[in-house]
Structure formats: structure tokens, C-alpha cells
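The structure under discussion appears below in the form of C-alpha cells.
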Amino acid sequence: MPIEYHIDHGRRLVLISASGKLTEEDIFNYRRKVWSLPDVRGFNELVDGRKVEEILSITIEKISELAKLSASMDDKAISTKLAIVASDTFLYGMGRLYEAFRTVNPKSTKKVSVFRTMQEAIDWIEEN
């Protein structure tokens with residue numbers, strides 16, 4: 001399975017591990033499935049993309065669409081964080097593009113940042 005997730009209720013954190021070849025459908029399905037669950041509202045999110053080999057058929061338009069969908073699912077009362085870990089240059093760039101789309105979306109209440117290492121991402125997520 002290219003995207004697996006674990007919900008850590010104690011830390012109010014959704015941990016995502018992505019690997020192999022992803023499609024935009026994998027990403028959109030994950031977003032719709034997990035973030036429609038009422039018990040993850042207001043949780044932070046940590047995406048580990050270090051094992052992703054490729055994202056198939058991804059376009060700037062689809063990244064923009066994903067950012068809009070994601071912003072529409074944000075809890076409007078709580079500001080949360082999404083840390084993306086990407087060691088691959090292409091995936092890092094796609095993460096930064098997603099971050100930019102989320103930043104300019106007025107409906108977005110989730111702060112997004114992209115990191116090269118897991119430790120940097122964890123440190124940022126745990127900052128108050």
C-alpha cells in the first residue's frame with residue numbers, strides 16, 4: 001500500500017508513511033478518507049515521504065486542487081501543522097509548491113512546511 005497512516009490520539013498527530021510509486025488518486029483518496037474522520041479534527045500531520053520513488057502524473061493544477069480540498073477540510077477553529085519530509089529533490093519541490101498553495105488559501109488554517117530530515121520535521125511539529 002503506497003500510503004499508510006497511524007492516528008496518535010495522545011499526541012493529536014496523524015503519522016503518514018508513503019512509499020513506492022504514488023498516483024494523485026492515492027493522495028486524494030488518503031486526504032478524503034482520513035481527514036473526513038471526526039476524531040482527527042484539529043490534529044497535526046506528519047508525512048514521511050522519504051521512501052517515495054515517484055509521483056505519477058502529478059501536475060501543478062492537481063497540487064492546487066489538493067490544496068483547495070485540504071483547506072476545505074481544515075478545522076476553522078484550530079490552527080494546526082503539516083510537516084512533510086522529503087529527501088528527494090522533486091518531491092521536496094512538490095511539497096514546497098503545496099505549501100505555497102496552502103499559504104495563499106484564505107480557508108487554510110494549517111501551517112505547512114517541508115523538511116529534508118525527520119528530526120527537523122518533528123522539532124517543528126512539537127514547537128508551540
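How things are named: the first chain in the C-alpha cells is A, the next is B, and so on; residues count from 1 in each chain; ligands count from 1 in the order shown.
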Within 9 Å of Ser36 in chain A using only C-alpha atoms, minus same-chain residues under 5 positions, as a ChimeraX atom specification: /A:31,41,73
Take the residues just selected and output them with N, CA and C atoms as a PDB file, in the first residue's frame.
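So the final result, stored in selection30.pdb, reads:
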```
ATOM      1  N   ARG A  31      -6.433  11.781   1.557  1.00  0.00           N
ATOM      2  CA  ARG A  31      -6.907  13.059   2.121  1.00  0.00           C
ATOM      3  C   ARG A  31      -8.393  12.978   2.455  1.00  0.00           C
ATOM      4  N   ARG A  41      -9.996  15.875  13.728  1.00  0.00           N
ATOM      5  CA  ARG A  41     -10.133  17.326  13.602  1.00  0.00           C
ATOM      6  C   ARG A  41      -9.206  18.013  14.592  1.00  0.00           C
ATOM      7  N   MET A  73     -11.158  21.120   4.315  1.00  0.00           N
ATOM      8  CA  MET A  73     -11.332  20.129   5.369  1.00  0.00           C
ATOM      9  C   MET A  73     -10.688  20.553   6.692  1.00  0.00           C
TER      10      MET A  73
END
```
Residue contacts of Gly10 in chain A (12 Å, only C-alpha atoms) excluding same-chain residues fewer than 5 positions away, as a PyMOL selection string: chain A and resi 39-40+43-44
Let me see the file: selected residues, C-alpha atoms, as a compact mmCIF listing (two decimals), in the first residue's frame.
```txt
# COMPACT_ATOMS: atom_id res chain seq x y z
CA ASP A 39 -11.74 12.25 15.62
CA VAL A 40 -8.75 13.78 13.76
CA PHE A 43 -4.69 17.16 14.76
CA ASN A 44 -1.25 17.91 13.35
```
Separation of CA of Tyr92 in chain A from CA of Val114 in chain A, in Å and rounded to one decimal: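 Computing the Euclidean distance for CA of Tyr92 in chain A and CA of Val114 in chain A yields 6.8 Å.
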Nearest residue to Trp124 in chain A from the set A:Lys107, A:Arg102, A:Lys81, A:Arg11 (distances using only C-alpha atoms):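 With only C-alpha atoms as the atom set, the closest residue is A:Lys81.
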Proximity to Phe115 in chain A - best of A:Ile58, A:Leu46, A:Val52, A:Ala67, only C-alpha atoms: A:Leu46
